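Visitor: This is the structure, below, for whatever I ask next.
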Amino acid sequence: MPTNVTADYKKAEDAFRKARDPSERLECLREMMRTIPRHKGTEHLQADIKSRIKHLTAELSAPKKGGKRSGPSHVVRPDGAAQLCLLGPPNAGKSSLHSRLTGSRTEIGPYPHTTHLPVPGMHAHEDIHFQLVDLPPVSGDFMEPWLVATLNPADGALLVIDVSDPECLEQIPAIMTKLAEKKIFLHGHWPGLAAEAEAPPGADDPFRLDLPALLIANKSDLDPDPEEVEVLEELLGLDFPALTVSAQTGEGLEALGPFLFRALEIVRVYTKSPGKPPDSDKPFTVRRGDTVLDVARLVHRDLARDLKFARMWGKNVFDGQQTGPEHEVEDGDVVELHL
Ligand SMILES: Nc1nc2c(ncn2[C@@H]2O[C@H](COP(=O)(O)OP(=O)(O)O)[C@@H](O)[C@H]2O)c(=O)[nH]1
Ligand SMILES: [Mg+2]
């Protein structure tokens, strides 16, 4: 990134990095375009911003089919505790996994390229859900141009391979190269398992996307060697955490929810109204390090603005303890917000 940009531009860029909602991201891009200093050193960046505005605008104004669809077609609004995208070569079993894990009816076929659009679905883990997005395959030859916009809001990637197919040794590096051409980089550094893999380099480029990835070695029913995935990772030089599963038999799939919960450091918080029992069936989810104020923001924007203090019940507080907005929440905390 050019160094001689203004404070206003930097502010817009920071907001862009943090924004997850597609329309919010578009707003930020417009602000970046408005505030970027116009000189030779920023020409590349200006062009990049312009093309992203164009694409995102097109996505957000996608035509409504039969008057039913109201959102964008290729950008899936994040929902649940986290959003994970299924990446991988054709026929690896992405759609089969998606269908088994979320109960979706995404198209499954013994021939490649059955899936044409992102398909969201919710995977239940205890009392929360993870949003899994089924995607068309990526290969060395082809990647849907809109995939970049789709991957942007994701919290992580599930890289699915067919362990019984030796071709995955060529497919994985080809996929990584294809993604890198679009500034998308997969790494094994999940926040909750930070010590186990190398961290991605701190990026200056606002459009670079570093996504933590979990390798899903699918079709274990066809290749029952439990060491296979370790051998593959060794050969590929990958340090991603891995799960060996079978979408067909269901073997290994029960480990996904607990993995995501731990790796993404999900924290569940239950809200309550004064004098009433907590809403124990539907927690709000934040991440380790997040505060009472972050919870308030999820409940309602205005609430965050007017929040004075909270009363809390949980592991690190005594029953009914009064805490400030900056108090860090723990998994299982009950919070009563006071304005
Ligand atoms: N034996 C076996 N076959 C599978 C498994 N998962 C998927 N398949 C088959 O592999 C083919 C491709 O599956 P699909 O889910 O469409 O793959 P995608 O292209 O990655 O979405 C289909 O014929 C599936 O029935 C598995 O775990 N074991
Ligand atoms: Mg598919």
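Ordering of the structure tokens sets the chain letters (A, B, ...), residue numbers begin anew at 1 in every chain, and ligands are numbered from 1 in the order given.
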Step by step, measure atom-to-atom distances between ligand 2 and each residue using only C-alpha atoms and all ligand atoms, keep those at most 10 Å, then write them as JSON, numbers by chain.

Guide: {"A": [86, 87, 88, 89, 90, 91, 92, 93, 94, 95, 96, 97, 98, 99, 106, 107, 108, 109, 110, 111, 112, 113, 114, 115, 116, 117, 118, 119, 134, 135, 136, 137]}

Visitor: Would you list, as an MDAnalysis selection string, the residues of range 13-183 of chain A that end up in alpha helix (DSSP H) under DSSP run on this structure's backbone?

Guide: chainID A and resid 13:18 22:35 43:60 94:102 147:151 168:181

Visitor: Go ahead and dump the residues you just picked, C-alpha atoms, as a PDB file, in the first residue's frame.

Guide:
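Written output follows (again_4.pdb):
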```
ATOM      1  CA  GLU A  13      -9.686   1.223   4.998  1.00  0.00           C
ATOM      2  CA  ASP A  14      -9.767   0.078   8.638  1.00  0.00           C
ATOM      3  CA  ALA A  15     -13.554   0.142   8.580  1.00  0.00           C
ATOM      4  CA  PHE A  16     -13.499  -1.911   5.375  1.00  0.00           C
ATOM      5  CA  ARG A  17     -11.289  -4.566   6.942  1.00  0.00           C
ATOM      6  CA  LYS A  18     -13.652  -4.916   9.874  1.00  0.00           C
ATOM      7  CA  PRO A  22     -21.674  -6.833   2.124  1.00  0.00           C
ATOM      8  CA  SER A  23     -23.587  -3.542   1.962  1.00  0.00           C
ATOM      9  CA  GLU A  24     -21.484  -2.141   4.783  1.00  0.00           C
ATOM     10  CA  ARG A  25     -18.376  -3.183   2.849  1.00  0.00           C
ATOM     11  CA  LEU A  26     -19.657  -1.386  -0.220  1.00  0.00           C
ATOM     12  CA  GLU A  27     -20.163   1.789   1.816  1.00  0.00           C
ATOM     13  CA  CYS A  28     -16.579   1.530   3.062  1.00  0.00           C
ATOM     14  CA  LEU A  29     -15.238   1.010  -0.458  1.00  0.00           C
ATOM     15  CA  ARG A  30     -17.040   4.142  -1.620  1.00  0.00           C
ATOM     16  CA  GLU A  31     -15.542   6.060   1.293  1.00  0.00           C
ATOM     17  CA  MET A  32     -12.087   4.711   0.367  1.00  0.00           C
ATOM     18  CA  MET A  33     -12.609   5.880  -3.213  1.00  0.00           C
ATOM     19  CA  ARG A  34     -13.735   9.289  -2.006  1.00  0.00           C
ATOM     20  CA  THR A  35     -10.784   9.827   0.330  1.00  0.00           C
ATOM     21  CA  GLU A  43      -3.323   4.401  -9.323  1.00  0.00           C
ATOM     22  CA  HIS A  44      -3.282   0.616  -8.858  1.00  0.00           C
ATOM     23  CA  LEU A  45      -5.205   0.824  -5.639  1.00  0.00           C
ATOM     24  CA  GLN A  46      -7.744   3.215  -7.147  1.00  0.00           C
ATOM     25  CA  ALA A  47      -8.361   0.782  -9.991  1.00  0.00           C
ATOM     26  CA  ASP A  48      -8.707  -2.097  -7.530  1.00  0.00           C
ATOM     27  CA  ILE A  49     -11.199  -0.201  -5.380  1.00  0.00           C
ATOM     28  CA  LYS A  50     -13.179   0.824  -8.431  1.00  0.00           C
ATOM     29  CA  SER A  51     -13.482  -2.707  -9.732  1.00  0.00           C
ATOM     30  CA  ARG A  52     -14.517  -3.997  -6.305  1.00  0.00           C
ATOM     31  CA  ILE A  53     -17.208  -1.320  -6.058  1.00  0.00           C
ATOM     32  CA  LYS A  54     -18.462  -2.359  -9.474  1.00  0.00           C
ATOM     33  CA  HIS A  55     -18.605  -6.050  -8.598  1.00  0.00           C
ATOM     34  CA  LEU A  56     -20.158  -5.619  -5.190  1.00  0.00           C
ATOM     35  CA  THR A  57     -22.763  -3.198  -6.560  1.00  0.00           C
ATOM     36  CA  ALA A  58     -23.676  -5.770  -9.185  1.00  0.00           C
ATOM     37  CA  GLU A  59     -23.894  -8.500  -6.528  1.00  0.00           C
ATOM     38  CA  LEU A  60     -26.101  -6.456  -4.256  1.00  0.00           C
ATOM     39  CA  LYS A  94     -18.271 -30.892  -0.676  1.00  0.00           C
ATOM     40  CA  SER A  95     -21.969 -31.023  -1.464  1.00  0.00           C
ATOM     41  CA  SER A  96     -22.409 -34.448   0.146  1.00  0.00           C
ATOM     42  CA  LEU A  97     -20.792 -33.124   3.326  1.00  0.00           C
ATOM     43  CA  HIS A  98     -22.882 -29.974   3.215  1.00  0.00           C
ATOM     44  CA  SER A  99     -26.050 -31.945   2.838  1.00  0.00           C
ATOM     45  CA  ARG A 100     -25.167 -34.355   5.635  1.00  0.00           C
ATOM     46  CA  LEU A 101     -24.013 -31.613   8.018  1.00  0.00           C
ATOM     47  CA  THR A 102     -26.782 -29.096   7.424  1.00  0.00           C
ATOM     48  CA  LEU A 147     -15.857 -16.523  -5.439  1.00  0.00           C
ATOM     49  CA  VAL A 148     -13.631 -13.735  -4.113  1.00  0.00           C
ATOM     50  CA  ALA A 149     -16.676 -11.740  -2.988  1.00  0.00           C
ATOM     51  CA  THR A 150     -18.244 -14.875  -1.512  1.00  0.00           C
ATOM     52  CA  LEU A 151     -15.176 -15.767   0.549  1.00  0.00           C
ATOM     53  CA  CYS A 168      -5.445 -34.466  -4.756  1.00  0.00           C
ATOM     54  CA  LEU A 169      -1.675 -34.132  -4.496  1.00  0.00           C
ATOM     55  CA  GLU A 170      -1.749 -32.016  -7.647  1.00  0.00           C
ATOM     56  CA  GLN A 171      -5.164 -30.474  -7.024  1.00  0.00           C
ATOM     57  CA  ILE A 172      -4.405 -28.837  -3.686  1.00  0.00           C
ATOM     58  CA  PRO A 173      -1.361 -26.838  -4.818  1.00  0.00           C
ATOM     59  CA  ALA A 174      -3.250 -25.844  -7.991  1.00  0.00           C
ATOM     60  CA  ILE A 175      -6.184 -24.578  -5.900  1.00  0.00           C
ATOM     61  CA  MET A 176      -3.877 -22.633  -3.595  1.00  0.00           C
ATOM     62  CA  THR A 177      -2.213 -21.007  -6.604  1.00  0.00           C
ATOM     63  CA  LYS A 178      -5.553 -20.116  -8.140  1.00  0.00           C
ATOM     64  CA  LEU A 179      -6.703 -18.530  -4.866  1.00  0.00           C
ATOM     65  CA  ALA A 180      -3.407 -16.681  -4.427  1.00  0.00           C
ATOM     66  CA  GLU A 181      -3.887 -15.053  -7.848  1.00  0.00           C
TER      67      GLU A 181
END
```

Visitor: Could you pull out all residues of range 25-270 of chain A with a DSSP call of strand (DSSP E or B) and give them as a ChimeraX atom specification?

Guide: /A:83-87,119-125,128-134,156-162,184-187,209-218,242-244,266-270

Visitor: Which polymer residues have any atom within 9 Å of an atom of Thr244 in chain A, counting only C-alpha atoms, with same-chain residues fewer than 6 positions away left out, as a PDB file with N, CA, C and O atoms, in the first residue's frame?

Guide:
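Here's the written file result_6.pdb:
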```pdb
ATOM      1  N   VAL A 163      -9.676 -38.449  -0.139  1.00  0.00           N
ATOM      2  CA  VAL A 163      -8.404 -39.112   0.229  1.00  0.00           C
ATOM      3  C   VAL A 163      -8.102 -40.319  -0.633  1.00  0.00           C
ATOM      4  O   VAL A 163      -6.962 -40.766  -0.690  1.00  0.00           O
ATOM      5  N   LEU A 215      -8.390 -28.938   6.887  1.00  0.00           N
ATOM      6  CA  LEU A 215      -8.372 -29.919   5.812  1.00  0.00           C
ATOM      7  C   LEU A 215      -9.360 -31.027   6.156  1.00  0.00           C
ATOM      8  O   LEU A 215      -9.282 -31.629   7.221  1.00  0.00           O
ATOM      9  N   ILE A 216     -10.302 -31.276   5.259  1.00  0.00           N
ATOM     10  CA  ILE A 216     -11.263 -32.351   5.491  1.00  0.00           C
ATOM     11  C   ILE A 216     -10.964 -33.473   4.512  1.00  0.00           C
ATOM     12  O   ILE A 216     -11.162 -33.344   3.298  1.00  0.00           O
ATOM     13  N   ALA A 217     -10.412 -34.554   5.063  1.00  0.00           N
ATOM     14  CA  ALA A 217     -10.056 -35.709   4.242  1.00  0.00           C
ATOM     15  C   ALA A 217     -11.289 -36.597   4.141  1.00  0.00           C
ATOM     16  O   ALA A 217     -11.566 -37.392   5.035  1.00  0.00           O
ATOM     17  N   ASN A 218     -12.025 -36.423   3.047  1.00  0.00           N
ATOM     18  CA  ASN A 218     -13.318 -37.112   2.893  1.00  0.00           C
ATOM     19  C   ASN A 218     -13.143 -38.465   2.195  1.00  0.00           C
ATOM     20  O   ASN A 218     -12.098 -38.752   1.633  1.00  0.00           O
ATOM     21  N   LYS A 219     -14.194 -39.233   2.209  1.00  0.00           N
ATOM     22  CA  LYS A 219     -14.259 -40.570   1.602  1.00  0.00           C
ATOM     23  C   LYS A 219     -13.323 -41.561   2.302  1.00  0.00           C
ATOM     24  O   LYS A 219     -12.685 -42.392   1.652  1.00  0.00           O
ATOM     25  N   SER A 220     -13.249 -41.438   3.624  1.00  0.00           N
ATOM     26  CA  SER A 220     -12.401 -42.367   4.377  1.00  0.00           C
ATOM     27  C   SER A 220     -12.910 -43.803   4.245  1.00  0.00           C
ATOM     28  O   SER A 220     -12.164 -44.751   4.444  1.00  0.00           O
ATOM     29  N   PRO A 226      -5.825 -44.735   8.482  1.00  0.00           N
ATOM     30  CA  PRO A 226      -5.971 -43.563   9.347  1.00  0.00           C
ATOM     31  C   PRO A 226      -4.782 -42.589   9.258  1.00  0.00           C
ATOM     32  O   PRO A 226      -4.903 -41.442   9.669  1.00  0.00           O
ATOM     33  N   GLU A 228      -3.372 -41.720   6.457  1.00  0.00           N
ATOM     34  CA  GLU A 228      -3.325 -41.162   5.104  1.00  0.00           C
ATOM     35  C   GLU A 228      -3.220 -39.630   5.097  1.00  0.00           C
ATOM     36  O   GLU A 228      -2.405 -39.052   4.379  1.00  0.00           O
ATOM     37  N   VAL A 229      -4.034 -38.980   5.926  1.00  0.00           N
ATOM     38  CA  VAL A 229      -4.078 -37.523   5.875  1.00  0.00           C
ATOM     39  C   VAL A 229      -2.756 -36.893   6.335  1.00  0.00           C
ATOM     40  O   VAL A 229      -2.319 -35.887   5.803  1.00  0.00           O
ATOM     41  N   GLU A 251     -18.947 -41.097   9.352  1.00  0.00           N
ATOM     42  CA  GLU A 251     -17.814 -41.259  10.257  1.00  0.00           C
ATOM     43  C   GLU A 251     -16.972 -39.978  10.366  1.00  0.00           C
ATOM     44  O   GLU A 251     -16.654 -39.356   9.354  1.00  0.00           O
ATOM     45  N   GLY A 252     -16.655 -39.594  11.598  1.00  0.00           N
ATOM     46  CA  GLY A 252     -15.771 -38.450  11.820  1.00  0.00           C
ATOM     47  C   GLY A 252     -16.463 -37.100  11.827  1.00  0.00           C
ATOM     48  O   GLY A 252     -15.887 -36.100  12.258  1.00  0.00           O
ATOM     49  N   LEU A 253     -17.701 -37.041  11.362  1.00  0.00           N
ATOM     50  CA  LEU A 253     -18.365 -35.739  11.208  1.00  0.00           C
ATOM     51  C   LEU A 253     -18.709 -35.081  12.535  1.00  0.00           C
ATOM     52  O   LEU A 253     -18.817 -33.854  12.618  1.00  0.00           O
TER      53      LEU A 253
END
```

Visitor: From the list A:Ile184, A:Ala310, A:Leu337, A:Ala247, which residue is nearest ligand 1 when using only C-alpha atoms and all ligand atoms?

Guide: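 Looking only at the distances to ligand 1, the closest residue turns out to be A:Ala247.
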
Visitor: Can you tell me which residues surround Met312 in chain A at a distance of at most 8 Å, considering only C-alpha atoms, apart from same-chain residues fewer than 6 positions away, and format the answer as a list in words?

Guide: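 Once the adjacent positions are removed, what remains is Phe318, Asp319, Gly320, Gln321, Gln322, Thr323, Asp333, Val334, Val335 and Glu336 of chain A.
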
Visitor: Go ahead and write the selection's residues with C-alpha atoms as a PDB file, in the first residue's frame.

Guide:
```
ATOM      1  CA  PHE A 318     -20.276 -13.649  41.495  1.00  0.00           C
ATOM      2  CA  ASP A 319     -24.047 -13.969  41.043  1.00  0.00           C
ATOM      3  CA  GLY A 320     -25.591 -10.675  39.990  1.00  0.00           C
ATOM      4  CA  GLN A 321     -22.233  -8.868  39.867  1.00  0.00           C
ATOM      5  CA  GLN A 322     -22.377  -5.408  38.319  1.00  0.00           C
ATOM      6  CA  THR A 323     -19.878  -4.981  35.484  1.00  0.00           C
ATOM      7  CA  ASP A 333     -22.278 -16.105  31.017  1.00  0.00           C
ATOM      8  CA  VAL A 334     -25.736 -14.677  31.660  1.00  0.00           C
ATOM      9  CA  VAL A 335     -25.948 -10.931  31.072  1.00  0.00           C
ATOM     10  CA  GLU A 336     -28.652  -8.449  32.035  1.00  0.00           C
TER      11      GLU A 336
END
```

Visitor: Pick the closest to Asp127 in chain A from A:Leu339, A:Ala255, A:Phe261, A:Arg305: which is it, counting only C-alpha atoms?

Guide: A:Phe261

Visitor: CA of Pro37 in chain A and CA of Arg20 in chain A are how many Å apart?

Guide: 25.2 Å

Visitor: Might you pull out every residue within 8 Å of Ala157 in chain A, with only C-alpha atoms counted and same-chain residues fewer than 3 positions away left off, and present them as an MDAnalysis selection string?

Guide: chainID A and resid 84:87 154 186 211:214

Visitor: Given the selection you just returned, output its residues as a file containing N, CA and C atoms, formatted as a compact mmCIF listing (two decimals), in the first residue's frame.

Guide:
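After the write, selection-v6.txt holds the following:
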```
# COMPACT_ATOMS: atom_id res chain seq x y z
N LEU A 84 -18.39 -20.63 7.43
CA LEU A 84 -17.29 -21.43 6.87
C LEU A 84 -17.62 -21.80 5.44
N CYS A 85 -16.65 -21.61 4.54
CA CYS A 85 -16.88 -21.93 3.14
C CYS A 85 -16.22 -23.25 2.78
N LEU A 86 -16.92 -24.06 1.98
CA LEU A 86 -16.39 -25.34 1.55
C LEU A 86 -15.64 -25.17 0.24
N LEU A 87 -14.35 -25.40 0.27
CA LEU A 87 -13.52 -25.28 -0.93
C LEU A 87 -12.96 -26.64 -1.28
N ALA A 154 -16.26 -14.80 5.12
CA ALA A 154 -16.07 -16.08 5.81
C ALA A 154 -15.09 -15.97 6.98
N LEU A 186 -4.79 -19.40 2.27
CA LEU A 186 -5.25 -20.30 3.34
C LEU A 186 -4.07 -20.60 4.25
N LEU A 211 -7.36 -16.70 5.27
CA LEU A 211 -8.41 -17.49 5.91
C LEU A 211 -7.82 -18.72 6.58
N PRO A 212 -8.18 -18.95 7.86
CA PRO A 212 -7.76 -20.20 8.48
C PRO A 212 -8.49 -21.36 7.79
N ALA A 213 -7.78 -22.46 7.60
CA ALA A 213 -8.37 -23.58 6.87
C ALA A 213 -8.26 -24.87 7.66
N LEU A 214 -9.30 -25.70 7.52
CA LEU A 214 -9.31 -27.05 8.09
C LEU A 214 -9.33 -28.00 6.90
```

Visitor: Rounded to one decimal place, report the atom 2 (C, counted along the ligand's line) of ligand 1-CA of Leu243 in chain A distance in Å.

Guide: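 Computing the Euclidean distance for atom 2 (C, counted along the ligand's line) of ligand 1 and CA of Leu243 in chain A yields 15.5 Å.
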
Visitor: Env of Trp190 in chain A: 12 Å cut, atoms = only C-alpha atoms, seq-sep filter 5 positions within chain, self excluded. Answer as a ChimeraX atom specification.

Guide: /A:155-157,195-200,210-214,239-241,259-266

Visitor: Could the residues in this selection be written to a file with N, CA, C and O atoms, as a CSV table (one decimal), in the first residue's frame?

Guide:
```
chain,number,residue,atom,x,y,z
A,155,ASP,N,-15.3,-16.8,8.0
A,155,ASP,CA,-14.4,-16.9,9.2
A,155,ASP,C,-13.4,-17.9,8.9
A,155,ASP,O,-12.4,-18.0,9.6
A,156,GLY,N,-13.6,-18.8,8.0
A,156,GLY,CA,-12.6,-19.9,7.7
A,156,GLY,C,-13.1,-20.7,6.5
A,156,GLY,O,-14.2,-20.5,6.0
A,157,ALA,N,-12.1,-21.6,6.1
A,157,ALA,CA,-12.4,-22.4,5.0
A,157,ALA,C,-12.3,-23.9,5.4
A,157,ALA,O,-11.5,-24.2,6.2
A,195,ALA,N,-1.0,-21.9,18.7
A,195,ALA,CA,0.4,-22.4,18.8
A,195,ALA,C,0.8,-23.4,17.8
A,195,ALA,O,1.9,-23.7,17.6
A,196,GLU,N,-0.2,-24.0,17.2
A,196,GLU,CA,0.0,-25.2,16.4
A,196,GLU,C,0.4,-24.9,14.9
A,196,GLU,O,0.8,-25.9,14.2
A,197,ALA,N,0.3,-23.7,14.5
A,197,ALA,CA,0.7,-23.5,13.1
A,197,ALA,C,1.3,-22.0,12.9
A,197,ALA,O,1.1,-21.2,13.8
A,198,GLU,N,1.9,-21.8,11.8
A,198,GLU,CA,2.6,-20.6,11.5
A,198,GLU,C,1.5,-19.5,11.2
A,198,GLU,O,0.6,-19.7,10.5
A,199,ALA,N,1.7,-18.3,11.8
A,199,ALA,CA,0.7,-17.2,11.6
A,199,ALA,C,0.9,-16.7,10.2
A,199,ALA,O,2.0,-16.7,9.7
A,200,PRO,N,-0.2,-16.2,9.6
A,200,PRO,CA,0.0,-15.5,8.3
A,200,PRO,C,0.8,-14.2,8.5
A,200,PRO,O,0.7,-13.6,9.5
A,210,ASP,N,-6.7,-13.6,4.3
A,210,ASP,CA,-6.0,-14.7,4.9
A,210,ASP,C,-7.1,-15.5,5.7
A,210,ASP,O,-7.6,-15.0,6.7
A,211,LEU,N,-7.4,-16.7,5.3
A,211,LEU,CA,-8.4,-17.5,5.9
A,211,LEU,C,-7.8,-18.7,6.6
A,211,LEU,O,-7.1,-19.5,6.0
A,212,PRO,N,-8.2,-18.9,7.9
A,212,PRO,CA,-7.8,-20.2,8.5
A,212,PRO,C,-8.5,-21.4,7.8
A,212,PRO,O,-9.7,-21.2,7.4
A,213,ALA,N,-7.8,-22.5,7.6
A,213,ALA,CA,-8.4,-23.6,6.9
A,213,ALA,C,-8.3,-24.9,7.7
A,213,ALA,O,-7.3,-25.1,8.4
A,214,LEU,N,-9.3,-25.7,7.5
A,214,LEU,CA,-9.3,-27.0,8.1
A,214,LEU,C,-9.3,-28.0,6.9
A,214,LEU,O,-10.2,-27.9,6.0
A,239,ASP,N,0.3,-27.2,7.1
A,239,ASP,CA,0.2,-27.4,8.5
A,239,ASP,C,-1.2,-27.1,9.0
A,239,ASP,O,-1.4,-26.6,10.1
A,240,PHE,N,-2.2,-27.4,8.1
A,240,PHE,CA,-3.6,-27.2,8.5
A,240,PHE,C,-4.0,-28.3,9.4
A,240,PHE,O,-3.6,-29.4,9.3
A,241,PRO,N,-4.8,-28.0,10.4
A,241,PRO,CA,-5.5,-29.1,11.2
A,241,PRO,C,-6.3,-29.9,10.2
A,241,PRO,O,-6.7,-29.4,9.2
A,259,PHE,N,-14.6,-28.9,16.9
A,259,PHE,CA,-13.4,-28.3,16.4
A,259,PHE,C,-13.6,-26.8,16.2
A,259,PHE,O,-12.8,-25.9,16.6
A,260,LEU,N,-14.7,-26.4,15.5
A,260,LEU,CA,-14.9,-25.0,15.1
A,260,LEU,C,-15.1,-24.2,16.4
A,260,LEU,O,-14.7,-23.0,16.4
A,261,PHE,N,-15.8,-24.8,17.3
A,261,PHE,CA,-16.1,-24.0,18.6
A,261,PHE,C,-14.8,-23.6,19.3
A,261,PHE,O,-14.6,-22.5,19.7
A,262,ARG,N,-13.9,-24.6,19.3
A,262,ARG,CA,-12.6,-24.4,20.0
A,262,ARG,C,-11.7,-23.5,19.1
A,262,ARG,O,-11.1,-22.5,19.6
A,263,ALA,N,-11.6,-23.8,17.8
A,263,ALA,CA,-10.6,-23.1,16.9
A,263,ALA,C,-11.0,-21.6,16.8
A,263,ALA,O,-10.2,-20.8,16.6
A,264,LEU,N,-12.3,-21.3,16.8
A,264,LEU,CA,-12.8,-20.0,16.6
A,264,LEU,C,-13.0,-19.2,17.9
A,264,LEU,O,-13.4,-18.1,17.9
A,265,GLU,N,-12.8,-19.9,19.0
A,265,GLU,CA,-12.9,-19.4,20.3
A,265,GLU,C,-14.3,-18.7,20.5
A,265,GLU,O,-14.4,-17.6,20.9
A,266,ILE,N,-15.3,-19.5,20.2
A,266,ILE,CA,-16.7,-19.0,20.3
A,266,ILE,C,-17.0,-18.9,21.8
A,266,ILE,O,-16.7,-19.8,22.6
```

Visitor: Could you pull the residues within 9 Å of Val269 in chain A, counting only C-alpha atoms, minus those fewer than 5 positions along the same chain, as an NGL selection string?

Guide: :A and (282-286 or 295 or 329-335)

Visitor: Can you work out which one of A:Pro191, A:Pro224, A:Gly289, A:Pro258 has the shortest atom-to-atom distance to ligand 1, counting only C-alpha atoms and all ligand atoms?

Guide: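 Answer, going by the shortest atom-to-atom distance: A:Pro224.
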
Visitor: Go through A:Ala19, A:Val138, A:Val75, A:Val231 and flag the residue nearest ligand 1, using only C-alpha atoms and all ligand atoms for the distances.

Guide: A:Val138

Visitor: How many Å separate atom 10 (O, counted along the ligand's line) of ligand 1 from CA of Gly103 in chain A?

Guide: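 If I compute the distance from atom 10 (O, counted along the ligand's line) of ligand 1 to CA of Gly103 in chain A, I get 16.9 Å.
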